[in-house]
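K.L.:
My structure is stored as protein_34.tsv, with TSV, C-alpha atoms.
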```
chain	number	residue	atom	x	y	z
A	1	MET	CA	102.77	-56.61	33.12
A	2	ARG	CA	99.69	-57.45	35.14
A	3	ARG	CA	97.13	-59.64	33.46
A	4	ALA	CA	93.48	-59.81	34.39
A	5	GLN	CA	92.59	-63.18	35.88
A	6	ALA	CA	89.09	-64.44	35.33
A	7	GLU	CA	87.60	-67.88	35.77
A	8	ARG	CA	85.63	-68.97	32.74
A	9	GLN	CA	81.98	-69.22	33.64
A	10	THR	CA	79.89	-71.72	31.70
A	11	THR	CA	76.18	-71.03	31.26
A	12	ILE	CA	73.73	-73.64	32.45
A	13	PHE	CA	72.76	-74.22	28.81
A	14	GLU	CA	76.33	-74.97	27.74
A	15	HIS	CA	76.86	-77.11	30.85
A	16	MET	CA	73.81	-79.29	30.29
A	17	SER	CA	74.37	-79.54	26.52
A	18	GLY	CA	77.95	-80.60	27.19
A	19	LEU	CA	76.72	-83.33	29.54
A	20	ALA	CA	74.14	-84.37	26.94
A	21	ARG	CA	76.89	-84.84	24.37
A	22	ALA	CA	79.14	-86.68	26.83
A	23	HIS	CA	76.38	-89.10	27.86
A	24	ASP	CA	74.67	-89.45	24.46
A	25	ALA	CA	71.54	-88.00	26.04
A	26	VAL	CA	68.36	-86.66	24.50
A	27	ASN	CA	68.79	-82.90	24.80
A	28	LEU	CA	65.55	-81.25	25.90
A	29	GLY	CA	67.55	-78.56	27.70
A	30	GLN	CA	68.98	-75.98	25.31
A	31	GLY	CA	66.32	-74.12	23.35
A	32	PHE	CA	67.10	-74.92	19.75
A	33	PRO	CA	64.62	-76.61	17.37
A	34	ASP	CA	65.54	-79.61	15.26
A	35	PHE	CA	62.65	-79.13	12.82
A	36	GLY	CA	60.49	-76.47	11.26
A	37	TRP	CA	62.67	-73.84	9.59
A	38	PRO	CA	61.35	-72.41	6.29
A	39	GLU	CA	63.38	-73.75	3.39
A	40	ASP	CA	62.56	-70.77	1.15
A	41	VAL	CA	64.19	-68.41	3.66
A	42	VAL	CA	67.29	-70.62	3.79
A	43	GLU	CA	67.42	-70.71	0.00
A	44	ARG	CA	67.15	-66.93	-0.13
A	45	ALA	CA	70.22	-66.69	2.14
A	46	ALA	CA	72.15	-69.11	-0.05
A	47	ASP	CA	71.23	-67.16	-3.18
A	48	ALA	CA	72.28	-63.86	-1.61
A	49	LEU	CA	75.60	-65.41	-0.60
A	50	ARG	CA	76.27	-66.35	-4.22
A	51	THR	CA	74.92	-63.29	-6.02
A	52	ALA	CA	74.89	-60.26	-3.70
A	53	SER	CA	77.59	-58.33	-1.87
A	54	ASN	CA	79.58	-60.11	0.82
A	55	GLN	CA	81.29	-56.95	2.00
A	56	TYR	CA	80.43	-54.85	5.05
A	57	PRO	CA	76.78	-53.82	5.02
A	58	PRO	CA	75.70	-50.55	6.68
A	59	MET	CA	76.33	-50.50	10.42
A	60	GLN	CA	72.63	-50.19	11.34
A	61	GLY	CA	71.63	-52.92	8.90
A	62	LEU	CA	70.64	-53.36	5.27
A	63	PRO	CA	67.92	-50.83	4.37
A	64	PRO	CA	65.61	-53.58	2.99
A	65	LEU	CA	65.76	-55.41	6.33
A	66	ARG	CA	65.18	-52.30	8.41
A	67	GLU	CA	62.19	-51.46	6.22
A	68	ALA	CA	60.91	-55.04	6.44
A	69	VAL	CA	61.14	-54.98	10.26
A	70	ALA	CA	59.12	-51.74	10.42
A	71	ASP	CA	56.54	-53.03	7.93
A	72	HIS	CA	56.28	-56.37	9.74
A	73	TYR	CA	55.32	-54.75	13.02
A	74	ALA	CA	52.89	-52.39	11.34
A	75	ARG	CA	51.12	-55.38	9.81
A	76	HIS	CA	51.23	-57.78	12.75
A	77	GLN	CA	51.08	-55.48	15.79
A	78	GLY	CA	49.83	-52.12	14.55
A	79	LEU	CA	53.06	-50.34	15.53
A	80	ALA	CA	54.22	-47.25	13.65
A	81	PHE	CA	58.01	-47.59	13.53
A	82	GLY	CA	60.23	-45.90	11.01
A	83	ALA	CA	63.08	-47.86	9.42
A	84	GLU	CA	65.49	-45.31	10.89
A	85	GLU	CA	64.49	-46.51	14.39
A	86	VAL	CA	65.69	-50.07	13.67
A	87	THR	CA	69.22	-51.26	14.47
A	88	VAL	CA	70.03	-54.74	13.13
A	89	THR	CA	72.26	-56.76	15.46
A	90	SER	CA	74.04	-60.10	15.54
A	91	GLY	CA	71.29	-61.79	17.49
A	92	ALA	CA	68.90	-60.51	20.11
A	93	THR	CA	71.50	-60.93	22.85
A	94	GLU	CA	73.69	-58.41	21.06
A	95	ALA	CA	70.68	-56.10	20.81
A	96	LEU	CA	70.26	-56.42	24.57
A	97	ALA	CA	73.96	-55.77	25.11
A	98	ALA	CA	73.97	-52.69	22.87
A	99	ALA	CA	70.86	-51.32	24.59
A	100	ILE	CA	72.10	-51.93	28.13
A	101	LEU	CA	75.61	-50.64	27.44
A	102	GLY	CA	74.20	-47.64	25.60
A	103	LEU	CA	71.57	-46.65	28.15
A	104	VAL	CA	72.90	-47.67	31.57
A	105	GLN	CA	75.41	-45.44	33.31
A	106	PRO	CA	77.54	-46.50	36.30
A	107	GLY	CA	75.38	-46.49	39.41
A	108	ASP	CA	72.03	-46.67	37.58
A	109	GLU	CA	69.52	-49.06	39.12
A	110	VAL	CA	68.07	-51.64	36.72
A	111	LEU	CA	65.00	-53.69	37.59
A	112	LEU	CA	65.12	-57.38	36.58
A	113	PHE	CA	62.51	-60.08	37.14
A	114	GLN	CA	63.54	-63.60	38.18
A	115	PRO	CA	63.81	-66.23	36.80
A	116	LEU	CA	65.60	-64.43	34.01
A	117	TYR	CA	67.46	-64.96	30.77
A	118	ASP	CA	71.01	-65.46	31.89
A	119	ALA	CA	72.57	-62.60	29.87
A	120	TYR	CA	70.66	-59.79	31.61
A	121	LEU	CA	72.50	-59.65	34.91
A	122	PRO	CA	76.11	-59.80	33.62
A	123	LEU	CA	75.31	-57.17	31.00
A	124	VAL	CA	73.88	-54.82	33.62
A	125	ARG	CA	76.92	-55.34	35.81
A	126	ARG	CA	79.32	-54.85	32.89
A	127	ALA	CA	77.64	-51.51	32.18
A	128	GLY	CA	78.18	-50.47	35.81
A	129	GLY	CA	74.52	-50.73	36.74
A	130	THR	CA	73.09	-51.98	40.01
A	131	ALA	CA	70.56	-54.78	39.58
A	132	ARG	CA	67.39	-54.82	41.63
A	133	LEU	CA	65.82	-58.27	41.53
A	134	VAL	CA	62.17	-59.21	41.96
A	135	SER	CA	60.92	-62.79	41.76
A	136	LEU	CA	57.87	-64.05	39.89
A	137	GLU	CA	56.39	-66.87	41.94
A	138	PRO	CA	55.58	-70.38	40.66
A	139	PRO	CA	53.38	-71.96	39.59
A	140	ASP	CA	51.49	-69.09	37.91
A	141	TRP	CA	54.42	-66.61	37.58
A	142	ARG	CA	52.09	-63.59	37.48
A	143	LEU	CA	53.32	-60.01	37.36
A	144	THR	CA	51.54	-58.35	40.28
A	145	ALA	CA	51.17	-54.85	41.65
A	146	ALA	CA	53.02	-56.02	44.77
A	147	ALA	CA	55.99	-57.23	42.71
A	148	ILE	CA	56.16	-53.94	40.86
A	149	GLU	CA	55.86	-51.92	44.06
A	150	GLN	CA	58.67	-53.98	45.55
A	151	GLY	CA	60.86	-53.51	42.48
A	152	PHE	CA	60.72	-49.82	41.62
A	153	THR	CA	62.57	-47.21	43.67
A	154	ASP	CA	63.42	-43.55	43.20
A	155	ARG	CA	66.76	-44.67	41.73
A	156	THR	CA	65.34	-46.96	39.03
A	157	ARG	CA	66.64	-45.93	35.61
A	158	LEU	CA	65.66	-48.92	33.48
A	159	VAL	CA	63.59	-52.10	33.57
A	160	VAL	CA	64.29	-55.18	31.46
A	161	PHE	CA	61.23	-57.31	30.83
A	162	ASN	CA	60.76	-60.47	28.77
A	163	ASN	CA	57.39	-61.33	27.23
A	164	PRO	CA	56.61	-64.10	26.31
A	165	HIS	CA	58.82	-65.23	29.12
A	166	ASN	CA	61.75	-67.62	29.14
A	167	PRO	CA	61.97	-69.85	31.18
A	168	THR	CA	58.42	-69.84	32.58
A	169	ALA	CA	56.53	-69.94	29.23
A	170	ARG	CA	54.17	-67.22	30.45
A	171	ALA	CA	52.52	-64.88	27.96
A	172	PHE	CA	51.70	-61.94	30.20
A	173	GLU	CA	48.20	-60.55	29.95
A	174	GLU	CA	47.48	-56.95	29.11
A	175	ASP	CA	46.38	-56.09	32.65
A	176	GLU	CA	49.77	-57.26	33.96
A	177	LEU	CA	51.64	-55.29	31.31
A	178	ARG	CA	49.61	-52.18	32.09
A	179	LEU	CA	50.81	-52.31	35.70
A	180	LEU	CA	54.39	-52.25	34.44
A	181	ALA	CA	53.71	-49.53	31.86
A	182	GLU	CA	52.00	-47.29	34.41
A	183	ALA	CA	54.94	-47.62	36.81
A	184	CYS	CA	57.46	-46.81	34.06
A	185	ALA	CA	55.53	-43.79	32.83
A	186	HIS	CA	54.83	-42.47	36.32
A	187	ARG	CA	58.48	-42.75	37.38
A	188	ASP	CA	59.98	-41.75	34.01
A	189	VAL	CA	61.80	-45.09	33.67
A	190	LEU	CA	63.09	-46.58	30.41
A	191	ALA	CA	62.19	-50.13	29.39
A	192	ILE	CA	63.94	-52.78	27.34
A	193	SER	CA	61.20	-55.14	26.21
A	194	ASP	CA	62.68	-58.47	25.15
A	195	GLU	CA	59.96	-59.76	22.82
A	196	VAL	CA	61.89	-62.41	20.90
A	197	TRP	CA	59.11	-64.97	21.41
A	198	GLU	CA	56.36	-62.62	20.16
A	199	HIS	CA	55.23	-64.98	17.36
A	200	VAL	CA	55.52	-68.16	19.44
A	201	LEU	CA	52.18	-67.99	21.22
A	202	PHE	CA	49.55	-70.70	21.59
A	203	ASP	CA	45.84	-71.31	22.06
A	204	GLY	CA	44.75	-68.19	20.20
A	205	ARG	CA	46.84	-65.72	22.19
A	206	ARG	CA	48.00	-62.52	20.50
A	207	HIS	CA	51.08	-60.57	21.48
A	208	THR	CA	50.75	-57.22	23.26
A	209	PRO	CA	53.91	-55.15	22.71
A	210	LEU	CA	54.91	-53.05	25.70
A	211	SER	CA	55.55	-50.02	23.48
A	212	ALA	CA	51.88	-50.02	22.41
A	213	LEU	CA	50.67	-49.19	25.92
A	214	PRO	CA	50.06	-45.57	27.03
A	215	GLY	CA	53.22	-43.61	27.77
A	216	MET	CA	55.57	-46.34	26.55
A	217	ALA	CA	56.36	-45.57	22.89
A	218	GLU	CA	58.83	-42.83	23.81
A	219	ARG	CA	60.63	-44.87	26.49
A	220	THR	CA	60.75	-48.45	25.18
A	221	VAL	CA	63.40	-50.43	23.32
A	222	LYS	CA	61.76	-53.38	21.56
A	223	VAL	CA	64.08	-56.35	20.94
A	224	GLY	CA	63.26	-59.00	18.32
A	225	SER	CA	64.84	-62.11	16.86
A	226	ALA	CA	64.70	-63.73	13.44
A	227	GLY	CA	66.12	-66.87	15.04
A	228	LYS	CA	62.95	-67.36	17.08
A	229	ILE	CA	60.54	-66.35	14.29
A	230	PHE	CA	62.06	-68.72	11.73
A	231	ALA	CA	63.56	-71.46	13.95
A	232	LEU	CA	67.02	-70.46	12.71
A	233	THR	CA	68.74	-69.79	16.01
A	234	GLY	CA	72.25	-70.21	14.61
A	235	TRP	CA	71.83	-67.28	12.23
A	236	LYS	CA	72.01	-64.76	15.07
A	237	VAL	CA	70.02	-61.98	13.40
A	238	GLY	CA	68.16	-59.67	15.76
A	239	TRP	CA	67.17	-56.04	16.10
A	240	ALA	CA	66.50	-53.26	18.55
A	241	ILE	CA	63.81	-50.68	17.79
A	242	ALA	CA	63.63	-47.43	19.74
A	243	PRO	CA	62.78	-43.73	19.38
A	244	PRO	CA	65.58	-41.63	17.86
A	245	ASP	CA	67.40	-40.57	21.03
A	246	LEU	CA	67.50	-44.12	22.42
A	247	SER	CA	68.22	-45.60	19.00
A	248	ALA	CA	71.30	-43.39	18.63
A	249	ALA	CA	72.69	-44.62	21.95
A	250	ILE	CA	72.09	-48.23	20.93
A	251	ALA	CA	73.76	-47.75	17.54
A	252	ASN	CA	76.77	-46.11	19.23
A	253	SER	CA	77.27	-49.27	21.30
A	254	HIS	CA	76.49	-51.67	18.46
A	255	GLN	CA	79.17	-50.22	16.19
A	256	PHE	CA	81.84	-51.24	18.71
A	257	LEU	CA	80.37	-54.67	19.52
A	258	THR	CA	79.78	-56.58	16.27
A	259	PHE	CA	79.48	-53.50	13.99
A	260	THR	CA	77.31	-55.42	11.55
A	261	THR	CA	75.73	-58.76	10.63
A	262	ALA	CA	76.19	-61.12	7.66
A	263	PRO	CA	74.49	-59.45	4.67
A	264	ASN	CA	73.14	-62.62	3.09
A	265	LEU	CA	71.34	-63.51	6.34
A	266	GLN	CA	69.93	-60.00	6.56
A	267	ALA	CA	68.60	-60.26	3.01
A	268	ALA	CA	66.95	-63.61	3.76
A	269	VAL	CA	65.32	-62.32	6.96
A	270	ALA	CA	63.97	-59.28	5.06
A	271	TYR	CA	62.31	-61.73	2.67
A	272	GLY	CA	61.01	-63.91	5.51
A	273	LEU	CA	59.42	-61.07	7.47
A	274	ARG	CA	57.16	-60.37	4.48
A	275	LYS	CA	55.79	-63.93	4.40
A	276	GLU	CA	52.03	-64.35	4.46
A	277	ASP	CA	50.16	-65.02	7.69
A	278	ASP	CA	49.77	-68.72	6.92
A	279	TYR	CA	53.48	-69.29	7.62
A	280	PHE	CA	53.19	-67.88	11.14
A	281	GLU	CA	49.96	-69.77	11.81
A	282	ALA	CA	51.46	-73.06	10.63
A	283	MET	CA	54.61	-72.48	12.71
A	284	ARG	CA	52.53	-71.96	15.84
A	285	ALA	CA	50.35	-74.98	15.08
A	286	ASP	CA	53.37	-77.26	14.63
A	287	LEU	CA	54.92	-76.09	17.88
A	288	ALA	CA	51.62	-76.39	19.76
A	289	GLU	CA	51.33	-79.98	18.54
A	290	ALA	CA	54.83	-80.72	19.84
A	291	ARG	CA	54.01	-79.02	23.16
A	292	ASP	CA	50.84	-81.05	23.57
A	293	PHE	CA	52.61	-84.31	22.73
A	294	LEU	CA	55.34	-83.75	25.30
A	295	SER	CA	52.86	-82.52	27.92
A	296	ALA	CA	50.63	-85.57	27.50
A	297	GLY	CA	53.57	-87.97	27.63
A	298	LEU	CA	54.93	-86.37	30.79
A	299	ARG	CA	51.54	-86.39	32.51
A	300	ASP	CA	51.11	-90.07	31.66
A	301	THR	CA	54.47	-90.63	33.34
A	302	GLY	CA	53.30	-88.86	36.50
A	303	PHE	CA	54.90	-85.45	36.08
A	304	ALA	CA	53.04	-82.26	37.02
A	305	VAL	CA	53.33	-80.07	33.90
A	306	LEU	CA	52.94	-76.32	34.19
A	307	PRO	CA	51.02	-74.34	31.53
A	308	ALA	CA	53.04	-73.34	28.46
A	309	GLU	CA	51.47	-70.27	26.86
A	310	GLY	CA	54.40	-69.32	24.60
A	311	THR	CA	58.10	-69.94	23.77
A	312	TYR	CA	59.65	-73.37	23.03
A	313	PHE	CA	59.47	-74.44	26.67
A	314	LEU	CA	57.34	-76.01	29.35
A	315	GLY	CA	57.98	-76.45	33.04
A	316	VAL	CA	57.65	-79.45	35.32
A	317	ASP	CA	56.98	-78.98	39.04
A	318	LEU	CA	59.07	-81.67	40.73
A	319	ALA	CA	57.49	-81.24	44.16
A	320	ALA	CA	53.98	-81.52	42.72
A	321	SER	CA	55.19	-84.60	40.84
A	322	GLY	CA	56.07	-86.30	44.11
A	323	ILE	CA	59.83	-85.91	43.63
A	324	ALA	CA	61.62	-84.67	46.74
A	325	ALA	CA	64.90	-83.81	45.00
A	326	ASP	CA	65.74	-80.24	44.04
A	327	ASP	CA	65.95	-79.27	40.37
A	328	VAL	CA	69.75	-79.33	40.10
A	329	THR	CA	70.00	-82.80	41.65
A	330	PHE	CA	67.26	-84.10	39.38
A	331	CYS	CA	68.80	-82.64	36.21
A	332	GLU	CA	72.33	-83.82	36.99
A	333	ARG	CA	71.20	-87.39	37.69
A	334	ALA	CA	68.75	-87.40	34.77
A	335	VAL	CA	71.42	-86.57	32.19
A	336	ARG	CA	74.11	-88.81	33.67
A	337	GLU	CA	72.02	-91.84	34.66
A	338	ALA	CA	68.89	-91.68	32.48
A	339	GLY	CA	70.26	-89.97	29.37
A	340	VAL	CA	68.03	-86.90	29.15
A	341	ALA	CA	69.00	-83.25	29.57
A	342	ALA	CA	66.79	-80.57	31.13
A	343	ILE	CA	67.44	-77.14	32.64
A	344	PRO	CA	67.12	-76.51	36.40
A	345	VAL	CA	65.22	-73.24	36.64
A	346	SER	CA	67.03	-72.30	39.86
A	347	ALA	CA	70.11	-71.63	37.68
A	348	LEU	CA	68.21	-68.69	36.17
A	349	TYR	CA	67.97	-66.83	39.48
A	350	ALA	CA	70.59	-64.54	40.96
A	351	GLU	CA	69.29	-65.00	44.50
A	352	LYS	CA	66.66	-66.90	46.51
A	353	PRO	CA	65.74	-69.36	43.73
A	354	ALA	CA	62.77	-71.63	43.41
A	355	ARG	CA	64.25	-75.13	43.44
A	356	ASN	CA	61.39	-77.32	42.32
A	357	VAL	CA	60.96	-76.51	38.60
A	358	ILE	CA	62.77	-77.85	35.54
A	359	ARG	CA	62.50	-76.50	31.99
A	360	LEU	CA	62.13	-78.70	28.91
A	361	CYS	CA	62.27	-77.71	25.23
A	362	PHE	CA	59.53	-79.20	23.03
A	363	ALA	CA	60.70	-77.71	19.70
A	364	LYS	CA	61.90	-81.15	18.62
A	365	ARG	CA	60.99	-83.90	16.18
A	366	ARG	CA	58.47	-86.49	17.35
A	367	GLU	CA	61.12	-89.19	17.73
A	368	THR	CA	63.24	-86.85	19.87
A	369	LEU	CA	60.28	-86.16	22.15
A	370	GLU	CA	59.39	-89.85	22.35
A	371	GLY	CA	62.92	-90.65	23.43
A	372	GLY	CA	62.88	-87.80	25.94
A	373	ILE	CA	59.63	-89.00	27.50
A	374	GLU	CA	60.91	-92.54	27.95
A	375	ARG	CA	64.17	-91.34	29.48
A	376	LEU	CA	62.33	-88.96	31.80
A	377	ARG	CA	60.25	-91.93	32.88
A	378	ALA	CA	63.54	-93.64	33.78
A	379	ALA	CA	64.77	-90.48	35.52
A	380	ARG	CA	61.62	-90.40	37.63
A	381	ARG	CA	62.28	-93.97	38.79
A	382	LEU	CA	65.68	-92.83	40.11
A	383	PHE	CA	63.83	-90.86	42.79
A	384	ALA	CA	61.15	-93.41	43.66
```
Could you write out this structure as structure tokens?
P.N.:
Amino acid sequence: MRRAQAERQTTIFEHMSGLARAHDAVNLGQGFPDFGWPEDVVERAADALRTASNQYPPMQGLPPLREAVADHYARHQGLAFGAEEVTVTSGATEALAAAILGLVQPGDEVLLFQPLYDAYLPLVRRAGGTARLVSLEPPDWRLTAAAIEQGFTDRTRLVVFNNPHNPTARAFEEDELRLLAEACAHRDVLAISDEVWEHVLFDGRRHTPLSALPGMAERTVKVGSAGKIFALTGWKVGWAIAPPDLSAAIANSHQFLTFTTAPNLQAAVAYGLRKEDDYFEAMRADLAEARDFLSAGLRDTGFAVLPAEGTYFLGVDLAASGIAADDVTFCERAVREAGVAAIPVSALYAEKPARNVIRLCFAKRRETLEGGIERLRAARRLFA
């Protein structure tokens, strides 16, 4: 019997976190917070585990959660979704997988923007799609008419777009999003809008959902994540929202991926999504304080810090910091010799990467950030 042979591929996040553990390093690489989750949401999950059903919930999700998702977006973003358009998934990555596998046919062209979340490209390839890659350029990472013109062709079936954007920490402005929406509508192209960071925005910014723009409601899959909203990344509760024809295709894929998600976690997220605005404002304020602390410490150390408009991340431009090494070299030596882990942004390209930017996670306790700053100071001296 022939057996498929495949080399195990480790993501850059697993690689750097593994090195952080091996070298007892401060881990500012992988994007998980070590503070800030709401205890009342956790308690609601524990209570549901003890008192509610622990058997299979409905495939598309518990009705109270699907209703809470629809109500949440009506309240926060003015979107008119029905609960029947919501499919609850085991994390946003599973929502992306279900959407891509459900909507992409072999030979379809899918537009992706680099640098990109590392799951997009293998999912497109697994579905039989052909990826077309366009790069956003540092240091401002703007979405331009030229980039869109370069990306779309007559064969484009689908575009996957992330806003706010990991790893660049951009929150795209409405004029940029309108360029993308106009291209999709004009060419009759579907969109998967990965909006998991939609509540993690700073300095007074408000999220503009792609589906709210003209011509997009009927062609957009909106992907969200409780893990990002509540700093509970290990729960892996996400959702995909789409008009009925697209939603049916997503549900058809979802039922053969994870089928469903832990019911107690679904119940807790339904509760959390109905929290008052002060929770979301306090969450953003705490993260902005952590961002500002890390940014100031890095600048005092001589690093050139790029703007961080959303997400848990900020970028450092090594070349502008006077460091001649590329990002991979810097990150490998930093974790092994200085005891601090970061992510080389070039690892999040499929081709022609920028090699001068590293990504750091600031969703950490003050003592973690203090240790990270001091060890990055030591890492900088390695390249003096």
K.L.:
Any idea what's packed within 12 Å of Arg381 of chain A, counting all atoms listed in the file, ignoring anything in its chain fewer than 2 positions away? Could you give it as a list in words?
P.N.:
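The filter keeps Thr301, Gly302, Phe303, Ser321, Gly322, Ile323, Phe330, Arg333, Ala334, Glu337, Ala338, Glu374, Arg375, Leu376, Arg377, Ala378, Ala379, Phe383 and Ala384 of chain A.
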K.L.:
May I ask which of the residues A:Leu360, A:Ala304, A:Leu65, A:Leu180 is the closest one to Thr87 of chain A, counting all atoms listed in the file?
P.N.:
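With all atoms listed in the file as the atom set, the closest residue is A:Leu65.
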K.L.:
Between A:Ala262, A:Ala97, A:Ala285, A:Ala22, which one has atoms that come closest to Asn54 of chain A, using only C-alpha atoms?
P.N.:
A:Ala262
K.L.:
Set the distance at 8 Å and use all atoms listed in the file: which residues neighbour segment 98-108 of chain A once local chain neighbours fewer than 4 positions away are removed? I'd like the list as a ChimeraX atom specification.
P.N.:
/A:94,123-124,126-130,155-158,192,221,240,246,249-254,257
K.L.:
By how many Å are atom CA of Ala267 of chain A and atom CA of Ala95 of chain A apart?
P.N.:
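Atom CA of Ala267 of chain A sits 18.4 Å away from atom CA of Ala95 of chain A.
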K.L.:
Tell me which protein, DNA and RNA residues are within 12 Å of segment 147-154 of chain A, counting all atoms listed in the file, leaving out same-chain ones fewer than 2 positions away, and put them as an NGL selection string.
P.N.:
:A and (108-114 or 131-137 or 141-145 or 156-161 or 176-190)
K.L.:
Starting from 3 Å padding per side, set up an axis-aligned box that covers all listed atoms of segment 226-243 of chain A and hand over centre and edge lengths in Å, one decimal, as AutoDock Vina command-line options.
P.N.:
```
--center_x 66.4 --center_y -57.6 --center_z 15.7 --size_x 17.7 --size_y 33.7 --size_z 14.0
```
K.L.:
Let me make sure I understand: among A:Thr329, A:Thr368, A:Asn264, A:Ser295, which one has the smallest atom-to-atom distance to Asp47 of chain A if we use all atoms listed in the file?
P.N.:
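Once distances to Asp47 of chain A are computed over all atoms listed in the file, the minimum belongs to A:Asn264.
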K.L.:
Quick one, how far is atom CA of Ile241 of chain A from atom CA of Leu201 of chain A?
P.N.:
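Pair atom CA of Ile241 of chain A / atom CA of Leu201 of chain A returns 21.1 Å.
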K.L.:
For Ala80 of chain A, which residue among A:Ala25, A:Ala217, A:Leu121, A:Ala268 is the nearest when counting only C-alpha atoms?
P.N.:
A:Ala217
K.L.:
Using all atoms listed in the file, can you tell me which of A:Ala290, A:Trp37, A:Ala363, A:Leu210 comes closest to Asp175 of chain A?
P.N.:
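Looking at the shortest contact to Asp175 of chain A, the residue is A:Leu210.
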K.L.:
Of the candidates A:Lys222, A:Lys236, A:Leu79, A:Ala347, which shows the shortest atom-to-atom distance to Thr260 of chain A, using all atoms listed in the file?
P.N.:
A:Lys236
K.L.:
Atom CA of Ala226 of chain A to atom CA of Lys364 of chain A: how many Å, to one decimal?
P.N.:
18.4 Å
K.L.:
Mind checking which residues fall within 12 Å of Cys331 of chain A, counting only C-alpha atoms, ignoring those fewer than 4 positions away in the same chain, and posting them as an MDAnalysis selection string?
P.N.:
chainID A and resid 12:13 15:17 19:20 25 27:29 316 318 325:327 335:347 355:360 375:376 379:380 382:383
K.L.:
Applying 6 Å and only C-alpha atoms, which residues near Gly82 of chain A remain after dropping the ones on its own chain fewer than 2 positions away? List them as a list in words.
P.N.:
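My reading of the contact set: Ala70, Glu84 and Glu85 of chain A.
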K.L.:
Go ahead and save the residues from that selection, with C-alpha atoms, as a PDB file, in the coordinates of the input.
P.N.:
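Output file result.pdb follows:
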```pdb
ATOM      1  CA  ALA A  70      59.120 -51.740  10.420  1.00  0.00           C
ATOM      2  CA  GLU A  84      65.490 -45.310  10.890  1.00  0.00           C
ATOM      3  CA  GLU A  85      64.490 -46.510  14.390  1.00  0.00           C
TER       4      GLU A  85
END
```
K.L.:
Neighbourhood query: residues within 7 Å of (57.4, -85.7, 29.0), file coordinates, counting only C-alpha atoms; return as an MDAnalysis selection string.
P.N.:
chainID A and resid 294:299 372:373 376
K.L.:
Given the point (73.6, -59.4, 11.4) in the coordinates of this file, which residues lie within 7 Å, counting only C-alpha atoms, and how would they look as a CSV table (one decimal) with C-alpha atoms, in the frame of the given file?
P.N.:
```csv
chain,number,residue,atom,x,y,z
A,88,VAL,CA,70.0,-54.7,13.1
A,89,THR,CA,72.3,-56.8,15.5
A,90,SER,CA,74.0,-60.1,15.5
A,91,GLY,CA,71.3,-61.8,17.5
A,236,LYS,CA,72.0,-64.8,15.1
A,237,VAL,CA,70.0,-62.0,13.4
A,238,GLY,CA,68.2,-59.7,15.8
A,260,THR,CA,77.3,-55.4,11.6
A,261,THR,CA,75.7,-58.8,10.6
A,262,ALA,CA,76.2,-61.1,7.7
A,263,PRO,CA,74.5,-59.4,4.7
A,265,LEU,CA,71.3,-63.5,6.3
A,266,GLN,CA,69.9,-60.0,6.6
```
K.L.:
Rebuild N, CA and C atoms on segment 49-60 of chain A, as a compact mmCIF listing (two decimals), in the coordinates of the input?
P.N.:
```txt
# COMPACT_ATOMS: atom_id res chain seq x y z
N LEU A 49 74.18 -65.14 -0.80
CA LEU A 49 75.60 -65.41 -0.60
C LEU A 49 76.33 -65.54 -1.93
N ARG A 50 75.65 -66.14 -2.91
CA ARG A 50 76.27 -66.35 -4.22
C ARG A 50 76.22 -65.12 -5.12
N THR A 51 75.17 -64.31 -5.00
CA THR A 51 74.92 -63.29 -6.02
C THR A 51 74.99 -61.85 -5.53
N ALA A 52 74.91 -61.63 -4.23
CA ALA A 52 74.89 -60.26 -3.70
C ALA A 52 76.22 -59.96 -3.01
N SER A 53 76.34 -58.75 -2.50
CA SER A 53 77.59 -58.33 -1.87
C SER A 53 77.86 -59.13 -0.59
N ASN A 54 79.13 -59.49 -0.42
CA ASN A 54 79.58 -60.11 0.82
C ASN A 54 80.53 -59.21 1.59
N GLN A 55 80.47 -57.92 1.30
CA GLN A 55 81.29 -56.95 2.00
C GLN A 55 80.47 -56.33 3.14
N TYR A 56 81.12 -55.45 3.91
CA TYR A 56 80.43 -54.85 5.05
C TYR A 56 79.12 -54.19 4.62
N PRO A 57 78.01 -54.57 5.23
CA PRO A 57 76.78 -53.82 5.02
C PRO A 57 76.76 -52.60 5.95
N PRO A 58 75.79 -51.70 5.78
CA PRO A 58 75.70 -50.55 6.68
C PRO A 58 75.63 -50.97 8.15
N MET A 59 76.23 -50.16 9.00
CA MET A 59 76.33 -50.50 10.42
C MET A 59 74.96 -50.78 11.04
N GLN A 60 73.94 -50.00 10.72
CA GLN A 60 72.63 -50.19 11.34
C GLN A 60 71.80 -51.25 10.65
```
